[in-house]
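What's in model.cif: mmCIF, C-alpha atoms and all ligand atoms
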data_structure
loop_
_atom_site.label_atom_id
_atom_site.label_comp_id
_atom_site.auth_asym_id
_atom_site.auth_seq_id
_atom_site.Cartn_x
_atom_site.Cartn_y
_atom_site.Cartn_z
CA MET A 1 114.12 106.56 120.45
CA LYS A 2 111.11 108.85 120.41
CA THR A 3 107.65 107.22 120.55
CA ILE A 4 104.86 109.30 119.01
CA ILE A 5 101.25 108.19 119.36
CA ILE A 6 99.13 109.30 116.44
CA ASP A 7 95.36 109.66 116.32
CA HIS A 8 93.00 111.78 114.26
CA LYS A 9 93.76 114.84 116.43
CA ASN A 10 97.41 115.08 115.41
CA ASP A 11 98.56 117.51 112.76
CA LEU A 12 101.09 115.18 111.18
CA HIS A 13 103.07 118.03 109.61
CA LEU A 14 103.98 119.05 113.16
CA VAL A 15 104.68 115.51 114.41
CA ALA A 16 107.58 114.63 112.12
CA SER A 17 110.81 116.42 112.88
CA CYS A 18 112.92 114.90 110.10
CA PRO A 19 112.76 112.71 106.97
CA THR A 20 113.03 108.98 107.58
CA VAL A 21 113.21 105.50 106.10
CA ALA A 22 110.27 103.65 107.68
CA ALA A 23 109.55 99.98 108.36
CA LEU A 24 105.80 99.34 108.25
CA GLY A 25 103.65 96.69 109.92
CA PHE A 26 102.14 95.47 113.17
CA PHE A 27 105.32 93.67 114.39
CA ASP A 28 103.79 91.63 117.23
CA GLY A 29 106.62 89.76 118.98
CA VAL A 30 109.35 91.48 116.91
CA HIS A 31 110.38 88.08 115.54
CA LEU A 32 113.35 87.38 113.22
CA GLY A 33 111.30 88.32 110.12
CA HIS A 34 110.37 91.67 111.67
CA GLN A 35 113.98 92.22 112.77
CA LYS A 36 115.14 91.69 109.16
CA VAL A 37 112.64 94.34 107.95
CA ILE A 38 113.78 96.85 110.59
CA GLN A 39 117.50 96.11 110.08
CA THR A 40 117.03 96.62 106.33
CA ALA A 41 115.38 100.00 106.99
CA LYS A 42 118.19 100.97 109.37
CA LYS A 43 120.93 100.03 106.88
CA LEU A 44 119.24 101.94 104.06
CA ALA A 45 118.70 104.98 106.28
CA GLU A 46 122.37 105.04 107.28
CA LYS A 47 123.42 104.69 103.64
CA ILE A 48 121.38 107.70 102.52
CA GLY A 49 121.90 109.74 105.68
CA LEU A 50 118.34 109.62 107.09
CA LYS A 51 116.87 108.55 110.43
CA THR A 52 114.99 105.26 110.89
CA ALA A 53 111.30 105.01 111.80
CA VAL A 54 108.83 102.23 112.51
CA ILE A 55 105.16 102.84 111.77
CA SER A 56 102.87 100.47 113.59
CA PHE A 57 99.30 100.27 114.89
CA PHE A 58 97.42 99.54 118.07
CA PRO A 59 95.12 97.74 118.74
CA HIS A 60 95.54 94.95 116.21
CA PRO A 61 93.41 95.57 113.05
CA LYS A 62 91.67 92.19 113.63
CA GLU A 63 90.21 93.47 116.91
CA ILE A 64 88.67 96.45 115.09
CA ILE A 65 87.54 94.95 111.79
CA GLY A 66 87.34 91.24 112.64
CA LYS A 67 84.24 89.43 113.81
CA THR A 68 82.65 91.14 116.82
CA GLY A 69 84.41 90.14 120.02
CA GLU A 70 87.38 88.56 118.20
CA ARG A 71 90.27 88.53 120.63
CA VAL A 72 93.88 88.80 119.57
CA HIS A 73 96.35 87.00 121.84
CA TYR A 74 99.10 89.61 121.82
CA LEU A 75 102.69 88.44 122.19
CA LEU A 76 104.05 91.75 123.52
CA PRO A 77 102.67 94.97 125.08
CA PRO A 78 103.34 98.08 122.94
CA ALA A 79 105.90 99.41 125.47
CA GLU A 80 107.98 96.22 125.19
CA LYS A 81 107.73 96.36 121.41
CA ALA A 82 109.11 99.91 121.64
CA LYS A 83 112.10 98.71 123.71
CA LYS A 84 112.92 96.10 121.07
CA PHE A 85 112.70 98.72 118.30
CA SER A 86 115.01 100.98 120.27
CA ARG A 87 117.56 98.16 120.63
CA LEU A 88 117.45 97.70 116.85
CA GLY A 89 118.47 101.33 116.42
CA VAL A 90 115.11 102.86 115.50
CA ASP A 91 114.95 106.66 116.02
CA TYR A 92 111.17 107.27 115.74
CA PHE A 93 108.30 104.94 116.62
CA TYR A 94 105.02 106.25 115.16
CA LEU A 95 102.20 104.29 116.79
CA ILE A 96 98.88 104.91 115.02
CA ARG A 97 95.67 104.32 116.98
CA PHE A 98 93.80 101.81 114.84
CA THR A 99 90.15 102.89 115.03
CA PRO A 100 87.15 101.97 112.85
CA GLU A 101 87.54 105.39 111.14
CA PHE A 102 91.22 104.76 110.45
CA ALA A 103 90.39 101.31 108.99
CA ARG A 104 88.22 103.08 106.40
CA VAL A 105 91.05 105.34 105.17
CA GLU A 106 91.71 104.46 101.49
CA SER A 107 95.21 103.26 100.66
CA LYS A 108 96.07 106.39 98.64
CA ASP A 109 94.85 108.61 101.51
CA PHE A 110 97.04 106.70 103.95
CA VAL A 111 100.06 107.48 101.77
CA GLN A 112 99.05 111.10 101.08
CA LYS A 113 97.69 112.07 104.52
CA TYR A 114 99.95 110.03 106.79
CA LEU A 115 103.20 108.91 105.14
CA ILE A 116 103.96 112.09 103.19
CA PRO A 117 103.27 114.53 106.07
CA LEU A 118 105.35 112.25 108.33
CA GLN A 119 108.25 112.85 105.88
CA ILE A 120 108.64 109.16 104.99
CA LYS A 121 111.02 109.01 102.03
CA HIS A 122 111.43 105.26 101.71
CA VAL A 123 109.27 102.36 102.99
CA VAL A 124 110.53 98.89 103.90
CA ALA A 125 108.13 95.98 104.44
CA GLY A 126 107.70 92.30 103.66
CA TYR A 127 106.06 90.84 100.55
CA ASP A 128 102.69 90.39 102.23
CA PHE A 129 102.37 93.89 103.74
CA THR A 130 99.03 95.55 102.99
CA TYR A 131 97.53 98.89 103.97
CA GLY A 132 94.41 100.97 103.51
CA ARG A 133 90.70 100.11 103.48
CA LYS A 134 90.16 96.37 103.05
CA GLY A 135 93.96 96.03 102.88
CA LYS A 136 93.89 97.03 99.19
CA GLY A 137 97.25 98.81 99.09
CA ASN A 138 100.57 96.98 98.94
CA LEU A 139 104.20 97.78 98.18
CA ASP A 140 103.47 97.57 94.42
CA THR A 141 100.92 100.40 94.66
CA MET A 142 102.74 102.65 97.11
CA GLU A 143 105.21 104.44 94.84
CA GLU A 144 102.45 105.48 92.43
CA GLU A 145 100.07 106.46 95.26
CA SER A 146 102.80 108.74 96.63
CA GLY A 147 103.26 110.47 93.26
CA TYR A 148 106.69 108.81 93.22
CA SER A 149 107.91 110.79 96.23
CA ILE A 150 108.29 107.55 98.24
CA THR A 151 110.39 104.61 97.10
CA VAL A 152 110.04 101.09 98.52
CA THR A 153 112.06 98.00 99.40
CA LYS A 154 110.46 94.55 99.70
CA VAL A 155 112.18 92.22 102.13
CA GLU A 156 112.42 88.50 101.28
CA ASN A 157 110.53 86.21 103.64
CA VAL A 158 112.59 84.96 106.58
CA GLU A 159 111.79 81.27 106.95
CA ARG A 160 112.45 78.37 109.32
CA ASN A 161 112.01 74.78 108.11
CA ASP A 162 110.52 76.04 104.83
CA GLU A 163 107.86 77.98 106.72
CA LYS A 164 107.53 81.78 106.85
CA ILE A 165 108.13 83.07 110.38
CA SER A 166 105.01 84.94 111.49
CA SER A 167 103.33 86.16 114.66
CA THR A 168 100.52 83.70 113.89
CA LEU A 169 102.98 80.78 113.76
CA ILE A 170 104.44 81.84 117.13
CA ARG A 171 100.95 82.15 118.66
CA ASN A 172 100.16 78.63 117.41
CA LYS A 173 103.32 77.23 119.02
CA ILE A 174 102.48 78.92 122.34
CA GLN A 175 98.92 77.59 122.15
CA LEU A 176 100.42 74.10 121.92
CA GLY A 177 102.91 74.75 124.73
CA PHE A 178 105.99 74.41 122.45
CA MET A 179 107.95 77.10 124.29
CA GLU A 180 111.25 75.42 123.38
CA ALA A 181 110.58 76.13 119.68
CA LEU A 182 110.24 79.90 120.12
CA PRO A 183 113.95 80.90 120.01
CA ASN A 184 113.92 79.59 116.39
CA TYR A 185 111.51 82.39 115.52
CA LEU A 186 112.23 85.12 118.09
CA GLY A 187 116.00 84.72 118.25
CA GLU A 188 115.66 84.34 122.04
CA PHE A 189 113.35 82.74 124.61
CA TYR A 190 109.86 84.20 124.90
CA GLU A 191 109.74 86.65 127.84
CA THR A 192 106.82 87.87 129.92
CA LYS A 193 106.77 90.50 132.66
CA GLY A 194 104.58 90.73 135.73
CA LYS A 195 104.64 90.42 139.50
CA MET A 196 105.15 87.58 141.94
CA VAL A 197 102.71 87.65 144.84
CA CYS A 198 103.89 85.46 147.71
CA THR A 199 101.63 84.44 150.55
CA GLU A 200 102.65 81.65 152.97
CA GLY A 201 103.85 78.71 150.89
CA LYS A 202 102.30 79.93 147.68
CA ALA A 203 103.71 82.23 144.97
CA GLU A 204 101.45 83.35 142.16
CA LEU A 205 102.77 85.06 139.05
CA ILE A 206 100.40 87.68 137.71
CA TRP A 207 101.39 88.77 134.22
CA ASP A 208 100.99 92.23 132.71
CA ARG A 209 98.46 92.67 129.89
CA TYR A 210 99.23 91.77 126.27
CA TYR A 211 101.25 88.62 126.81
CA MET A 212 100.22 85.15 125.72
CA LEU A 213 100.40 82.13 128.04
CA PRO A 214 100.78 78.48 127.05
CA PRO A 215 98.09 75.96 128.06
CA GLU A 216 97.70 74.19 131.42
CA GLY A 217 100.86 72.33 132.39
CA CYS A 218 104.27 72.54 133.97
CA TYR A 219 107.02 74.65 132.37
CA ASP A 220 110.72 75.18 132.96
CA VAL A 221 111.41 78.90 133.18
CA ALA A 222 114.05 81.34 134.36
CA ILE A 223 112.79 84.15 136.56
CA TYR A 224 114.54 87.50 137.06
CA LYS A 225 113.76 89.05 140.44
CA GLY A 226 116.12 91.97 140.57
CA HIS A 227 119.37 90.14 141.37
CA GLY A 228 119.87 87.74 138.50
CA TRP A 229 118.14 84.82 136.88
CA VAL A 230 116.85 81.84 138.87
CA GLU A 231 115.89 78.67 137.03
CA GLY A 232 112.77 76.93 138.22
CA ARG A 233 109.37 75.66 137.32
CA VAL A 234 105.88 77.06 137.05
CA LEU A 235 102.48 75.45 136.89
CA ILE A 236 99.73 76.88 134.71
CA THR A 237 96.27 75.83 135.84
CA ASP A 238 93.21 75.27 133.67
CA GLN A 239 92.11 78.77 134.80
CA GLN A 240 95.35 80.19 133.27
CA LYS A 241 96.73 81.07 136.70
CA THR A 242 100.51 80.70 137.06
CA TYR A 243 102.17 79.38 140.24
CA TRP A 244 105.88 79.28 140.97
CA LEU A 245 106.88 75.76 142.03
CA GLY A 246 110.35 76.69 143.23
CA PRO A 247 113.09 76.35 144.11
CA SER A 248 112.49 78.37 147.26
CA ILE A 249 109.09 79.93 147.74
CA PRO A 250 109.34 82.89 150.13
CA SER A 251 107.44 82.18 153.33
CA ALA A 252 106.69 85.80 154.17
CA TRP A 253 104.08 87.88 152.35
CA SER A 254 105.78 89.86 149.59
CA VAL A 255 105.21 91.23 146.11
CA PHE A 256 107.91 91.96 143.54
CA ARG A 257 108.30 92.65 139.84
CA VAL A 258 109.61 89.74 137.81
CA LYS A 259 110.32 88.75 134.26
CA ALA A 260 110.29 85.19 132.99
CA LYS A 261 112.02 83.41 130.13
CA TRP A 262 109.89 80.47 129.01
CA ILE A 263 112.35 77.62 128.35
CA SER A 264 110.31 74.46 127.71
CA ARG A 265 107.29 72.44 128.65
CA ASN A 266 108.17 69.96 131.41
CA ILE A 267 106.38 66.76 130.43
CA ARG A 268 108.38 64.64 132.90
CA PHE A 269 107.17 66.61 135.89
CA ILE A 270 103.51 66.28 134.86
CA SER A 271 103.88 62.51 134.48
CA GLU A 272 105.48 62.30 137.95
CA ILE A 273 102.36 63.93 139.36
CA VAL A 274 100.14 61.54 137.43
CA GLU A 275 102.18 58.44 138.35
CA ALA A 276 102.30 59.26 142.06
CA PRO A 277 98.91 60.74 142.86
CA GLY A 278 99.31 60.15 146.61
CA LYS A 279 102.64 62.01 146.67
CA LYS A 280 102.18 65.71 146.97
CA LEU A 281 104.79 67.15 144.64
CA VAL A 282 102.95 70.39 144.09
CA SER A 283 101.96 72.20 147.22
CA ILE A 284 99.43 74.85 146.35
CA ARG A 285 96.91 75.95 148.91
CA GLY A 286 94.15 78.45 148.70
C1 LIG B 1 94.83 103.11 106.64
C2 LIG B 1 94.68 101.64 106.85
C3 LIG B 1 93.42 101.04 106.69
C4 LIG B 1 93.26 99.67 106.86
N1 LIG B 1 92.04 99.08 106.67
C5 LIG B 1 91.92 97.73 106.73
C6 LIG B 1 90.69 97.08 106.42
O1 LIG B 1 89.68 97.71 106.09
N2 LIG B 1 90.63 95.73 106.51
C7 LIG B 1 91.71 94.98 106.89
O2 LIG B 1 91.60 93.74 106.96
N3 LIG B 1 92.89 95.57 107.21
C8 LIG B 1 93.01 96.92 107.11
N4 LIG B 1 94.21 97.50 107.43
C9 LIG B 1 95.29 96.66 107.99
C10 LIG B 1 96.32 96.26 106.96
O3 LIG B 1 95.76 95.46 105.94
C11 LIG B 1 97.47 95.50 107.65
O4 LIG B 1 97.01 94.42 108.39
C12 LIG B 1 98.23 96.43 108.58
O5 LIG B 1 98.68 97.52 107.82
C13 LIG B 1 99.40 95.74 109.26
O6 LIG B 1 100.22 95.14 108.30
P1 LIG B 1 100.89 93.75 108.61
O7 LIG B 1 99.75 92.86 109.04
O8 LIG B 1 101.54 93.31 107.33
O9 LIG B 1 101.83 94.05 109.68
C14 LIG B 1 94.38 98.88 107.24
C15 LIG B 1 95.65 99.47 107.40
C16 LIG B 1 95.80 100.83 107.19
C17 LIG B 1 97.18 101.44 107.35
N1 LIG B 2 109.03 86.20 107.98
C1 LIG B 2 109.08 87.43 107.50
N2 LIG B 2 110.04 87.79 106.66
C2 LIG B 2 110.12 89.04 106.16
N3 LIG B 2 109.24 90.02 106.46
C3 LIG B 2 108.25 89.73 107.31
C4 LIG B 2 108.12 88.41 107.87
N4 LIG B 2 107.03 88.42 108.67
C5 LIG B 2 106.51 89.66 108.62
N5 LIG B 2 107.23 90.45 107.80
C6 LIG B 2 106.99 91.87 107.52
O1 LIG B 2 107.10 92.57 108.77
C7 LIG B 2 106.12 93.60 108.86
C8 LIG B 2 105.18 93.33 110.03
O2 LIG B 2 104.47 92.15 109.70
P1 LIG B 2 103.23 91.55 110.47
O3 LIG B 2 103.05 92.29 111.73
O4 LIG B 2 102.09 91.37 109.52
O5 LIG B 2 103.89 90.13 110.82
P2 LIG B 2 103.37 88.67 110.72
O6 LIG B 2 104.38 88.00 111.55
O7 LIG B 2 103.22 88.20 109.29
O8 LIG B 2 101.96 88.75 111.46
P3 LIG B 2 100.65 87.87 111.32
O9 LIG B 2 101.03 86.44 111.51
O10 LIG B 2 99.78 88.41 112.43
O11 LIG B 2 100.12 88.16 109.94
C9 LIG B 2 105.40 93.60 107.52
O12 LIG B 2 106.07 94.53 106.70
C10 LIG B 2 105.58 92.18 107.02
O13 LIG B 2 105.47 92.09 105.62
#

Let me see whether you can do it: turn the structure in this file into structure tokens.
Ligand SMILES: Cc1cc2nc3c(=O)[nH]c(=O)nc-3n(C[C@H](O)[C@H](O)[C@H](O)COP(=O)(O)O)c2cc1C
Ligand SMILES: Nc1ncnc2c1ncn2[C@@H]1O[C@H](COP(=O)(O)OP(=O)(O)OP(=O)(O)O)[C@@H](O)[C@H]1O
Amino acid sequence: MKTIIIDHKNDLHLVASCPTVAALGFFDGVHLGHQKVIQTAKKLAEKIGLKTAVISFFPHPKEIIGKTGERVHYLLPPAEKAKKFSRLGVDYFYLIRFTPEFARVESKDFVQKYLIPLQIKHVVAGYDFTYGRKGKGNLDTMEEESGYSITVTKVENVERNDEKISSTLIRNKIQLGFMEALPNYLGEFYETKGKMVCTEGKAELIWDRYYMLPPEGCYDVAIYKGHGWVEGRVLITDQQKTYWLGPSIPSAWSVFRVKAKWISRNIRFISEIVEAPGKKLVSIRG
């Protein structure tokens, strides 16, 4: 898959090398709803003999047009999003820099000055997808705004327990520490990447940017350190620092890349700490 970052400096006629069917949206977390949109685009593209594209944005529109200082708790860094797109069979990932100027582009101009030069022939998105200044454009306006050179497909909402799967819903679950619920929406456990920094008796996990952590507490996780997955436990402090509670904390100073699968919140372990305050179950110094 080819990733192409687009800002106002690009001549889009030169960027696109072939016509595509494109899935449009932000796609934070690439959850099951997003996967359905991308798989639909892929199937259609194969049927009509075109390549598949995803058009997305960064940073999140809310950070640019929301209230000043509004922070978005991202679920995935753009590079990880790209890997997931690639696994879904996407050929081109057009990542548009979402700037205040871009937010002011009228919906028709987005279609005429971005989608048409990028050789998008068919757009796939969900029912609620909007585009253009103040989010005024939607899939019902797109065909007309393209002069009928682009056709569209609306994907039915993918739901769980009568609720639409959304990045917001997943963020809310993480905020409450319900990590065990996430495979229902993501199709797999939530994963974060970072490094483990070990100093005598203490191992801190420092996560890369653009991941979201659950609140203070103890969590069952699986950690990948280069030679397979190890199940264990981590503690998240009120300062949002993460410590590995074992098994086996390296005694020598070392740093290595890790990835973690967040399995569930461990309520039992927390209550053990509370019930036996004199007993030092968690040994964290420093
Ligand atoms: C050219 C363009 C301009 C946009 N301007 C605004 C805006 O002024 N206000 C807004 O809330 N969202 C704006 N958006 C964001 C969209 O409404 C929408 O959130 C974005 O396309 C991602 O779609 P999704 O949230 O369905 O994934 C704009 C999007 C595009 C492509
Ligand atoms: N559950 C779903 N079923 C089908 N399509 C979806 C679903 N969720 C999102 N989409 C579509 O996927 C694309 C990306 O959506 P978007 O990034 O807005 O996801 P979201 O999960 O609704 O995010 P947020 O909660 O931040 O609004 C859009 O075309 C959107 O309409």

Worksheet item: Hey, which residues come within 7 Å of ligand LIG 1 (chain B) if we count all atoms listed in the file? Could you give them as a VMD selection string?
Response: chain A and resid 24 to 27 61 to 62 65 102 to 107 110 128 to 135

Worksheet entry | 8 Å shell around ligand LIG 2 (chain B) using all atoms listed in the file, listed as a VMD selection string | chain A and resid 23 to 29 31 to 37 124 to 130 155 to 159 164 to 169

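Excluding A:Gly49 and any residue on its chain fewer than 5 positions from it, the residues at most 10 Å away by all atoms listed in the file are Pro19, Thr20, Val21, Lys43 and Leu44 of chain A.
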
Worksheet item: A:Tyr94: which residues within 10 Å, counting all atoms listed in the file, same-chain residues fewer than 3 positions away excluded, as a list in words?
Response: Lys2, Thr3, Ile4, Ile5, Ile6, Val15, Ala16, Ala22, Leu24, Ala53, Val54, Ile55, Ser56, Phe57, Ala82, Asp91, Arg97 and Leu118 of chain A

Worksheet entry | Close residues, A:Lys241 itself excluded, 12 Å, all atoms listed in the file, min 4 positions apart in chain, as an NGL selection string | :A and (196 or 203-207 or 213-218 or 234-237 or 284)

Item to complete: Select, from A:Tyr148, A:Tyr211, A:Trp244, A:Phe189, the residue with the minimum atom-to-atom distance to A:Arg171, counting all atoms listed in the file.
Response: A:Tyr211

Worksheet item: How would you write as a list of chain:residue names the residues that get within 9 Å of (118.9, 101.0, 110.3) in the file's frame, counting all atoms listed in the file?
Response: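 Residues lying no farther than 9 Å from the given point: A:Val21, A:Ile38, A:Gln39, A:Thr40, A:Ala41, A:Lys42, A:Lys43, A:Leu44, A:Ala45, A:Glu46, A:Lys47, A:Lys51, A:Thr52, A:Ala53, A:Leu88, A:Gly89, A:Val90, A:Asp91.
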
Worksheet item: Which distance in Å separates atom CA of A:Pro100 and atom CA of A:Pro59, to one decimal?
Response: 10.8 Å

Fill in: Selected residue of minimal separation from A:Ala252 among A:Val152, A:Val72, A:Cys198, A:Met179, counting only C-alpha atoms
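Closest residue, counting only C-alpha atoms: A:Cys198.
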
Practice prompt. Name the closest residue to A:Glu144 among the candidates A:Val258, A:Ile174, A:Val111, A:Ala79; distances are taken between atoms, counting all atoms listed in the file.
Written response: A:Val111

Response to the item:
Nearest to A:Asn172, restricted to all atoms listed in the file and choosing among A:His122, A:Arg265, A:His73, A:Lys84, comes out as A:His73

Student task, stretch 215-274 of chain A output with C-alpha atoms as a PDB file, in the first residue's frame:
ATOM      1  CA  PRO A 215      -8.028   4.949  34.094  1.00  0.00           C
ATOM      2  CA  GLU A 216      -5.974   4.171  37.209  1.00  0.00           C
ATOM      3  CA  GLY A 217      -6.146   0.485  38.105  1.00  0.00           C
ATOM      4  CA  CYS A 218      -4.765  -2.957  37.489  1.00  0.00           C
ATOM      5  CA  TYR A 219      -5.195  -4.643  34.094  1.00  0.00           C
ATOM      6  CA  ASP A 220      -4.521  -8.081  32.666  1.00  0.00           C
ATOM      7  CA  VAL A 221      -2.514  -7.722  29.472  1.00  0.00           C
ATOM      8  CA  ALA A 222      -0.363  -9.739  27.105  1.00  0.00           C
ATOM      9  CA  ILE A 223       2.975  -8.182  26.225  1.00  0.00           C
ATOM     10  CA  TYR A 224       5.017  -8.973  23.102  1.00  0.00           C
ATOM     11  CA  LYS A 225       8.735  -8.454  23.638  1.00  0.00           C
ATOM     12  CA  GLY A 226      10.227  -9.874  20.489  1.00  0.00           C
ATOM     13  CA  HIS A 227       9.921 -13.592  21.251  1.00  0.00           C
ATOM     14  CA  GLY A 228       6.228 -14.196  21.744  1.00  0.00           C
ATOM     15  CA  TRP A 229       3.432 -13.084  23.999  1.00  0.00           C
ATOM     16  CA  VAL A 230       3.723 -13.097  27.793  1.00  0.00           C
ATOM     17  CA  GLU A 231       0.588 -12.731  29.887  1.00  0.00           C
ATOM     18  CA  GLY A 232       0.852 -10.527  32.925  1.00  0.00           C
ATOM     19  CA  ARG A 233      -0.460  -7.514  34.716  1.00  0.00           C
ATOM     20  CA  VAL A 234       0.103  -3.785  34.632  1.00  0.00           C
ATOM     21  CA  LEU A 235      -0.734  -1.019  37.038  1.00  0.00           C
ATOM     22  CA  ILE A 236      -1.843   2.394  35.810  1.00  0.00           C
ATOM     23  CA  THR A 237      -1.284   5.127  38.363  1.00  0.00           C
ATOM     24  CA  ASP A 238      -3.355   8.265  38.883  1.00  0.00           C
ATOM     25  CA  GLN A 239      -0.611  10.066  36.889  1.00  0.00           C
ATOM     26  CA  GLN A 240      -1.340   7.718  33.922  1.00  0.00           C
ATOM     27  CA  LYS A 241       2.037   6.011  34.293  1.00  0.00           C
ATOM     28  CA  THR A 242       2.062   2.284  33.472  1.00  0.00           C
ATOM     29  CA  TYR A 243       4.125  -0.253  35.446  1.00  0.00           C
ATOM     30  CA  TRP A 244       4.599  -3.912  34.594  1.00  0.00           C
ATOM     31  CA  LEU A 245       3.754  -6.050  37.633  1.00  0.00           C
ATOM     32  CA  GLY A 246       5.155  -9.273  36.227  1.00  0.00           C
ATOM     33  CA  PRO A 247       5.676 -12.116  35.980  1.00  0.00           C
ATOM     34  CA  SER A 248       9.428 -11.587  35.956  1.00  0.00           C
ATOM     35  CA  ILE A 249      10.712  -8.044  36.054  1.00  0.00           C
ATOM     36  CA  PRO A 250      14.251  -7.901  34.622  1.00  0.00           C
ATOM     37  CA  SER A 251      16.728  -6.929  37.317  1.00  0.00           C
ATOM     38  CA  ALA A 252      19.268  -5.361  34.971  1.00  0.00           C
ATOM     39  CA  TRP A 253      18.795  -1.978  33.321  1.00  0.00           C
ATOM     40  CA  SER A 254      17.323  -2.485  29.862  1.00  0.00           C
ATOM     41  CA  VAL A 255      14.987  -0.892  27.334  1.00  0.00           C
ATOM     42  CA  PHE A 256      13.040  -2.732  24.653  1.00  0.00           C
ATOM     43  CA  ARG A 257      10.152  -2.184  22.262  1.00  0.00           C
ATOM     44  CA  VAL A 258       6.914  -3.856  23.287  1.00  0.00           C
ATOM     45  CA  LYS A 259       3.319  -4.119  22.234  1.00  0.00           C
ATOM     46  CA  ALA A 260       0.460  -4.856  24.599  1.00  0.00           C
ATOM     47  CA  LYS A 261      -2.953  -6.434  24.165  1.00  0.00           C
ATOM     48  CA  TRP A 262      -5.320  -5.046  26.802  1.00  0.00           C
ATOM     49  CA  ILE A 263      -7.371  -8.035  28.001  1.00  0.00           C
ATOM     50  CA  SER A 264      -9.431  -6.886  31.004  1.00  0.00           C
ATOM     51  CA  ARG A 265      -9.524  -4.803  34.123  1.00  0.00           C
ATOM     52  CA  ASN A 266      -8.382  -6.867  37.118  1.00  0.00           C
ATOM     53  CA  ILE A 267     -10.752  -5.894  39.917  1.00  0.00           C
ATOM     54  CA  ARG A 268      -9.714  -8.855  42.100  1.00  0.00           C
ATOM     55  CA  PHE A 269      -6.107  -7.728  42.262  1.00  0.00           C
ATOM     56  CA  ILE A 270      -7.056  -4.188  43.302  1.00  0.00           C
ATOM     57  CA  SER A 271      -9.264  -5.531  46.108  1.00  0.00           C
ATOM     58  CA  GLU A 272      -6.394  -7.756  47.315  1.00  0.00           C
ATOM     59  CA  ILE A 273      -4.278  -4.639  47.677  1.00  0.00           C
ATOM     60  CA  VAL A 274      -7.068  -2.859  49.521  1.00  0.00           C
TER      61      VAL A 274
END
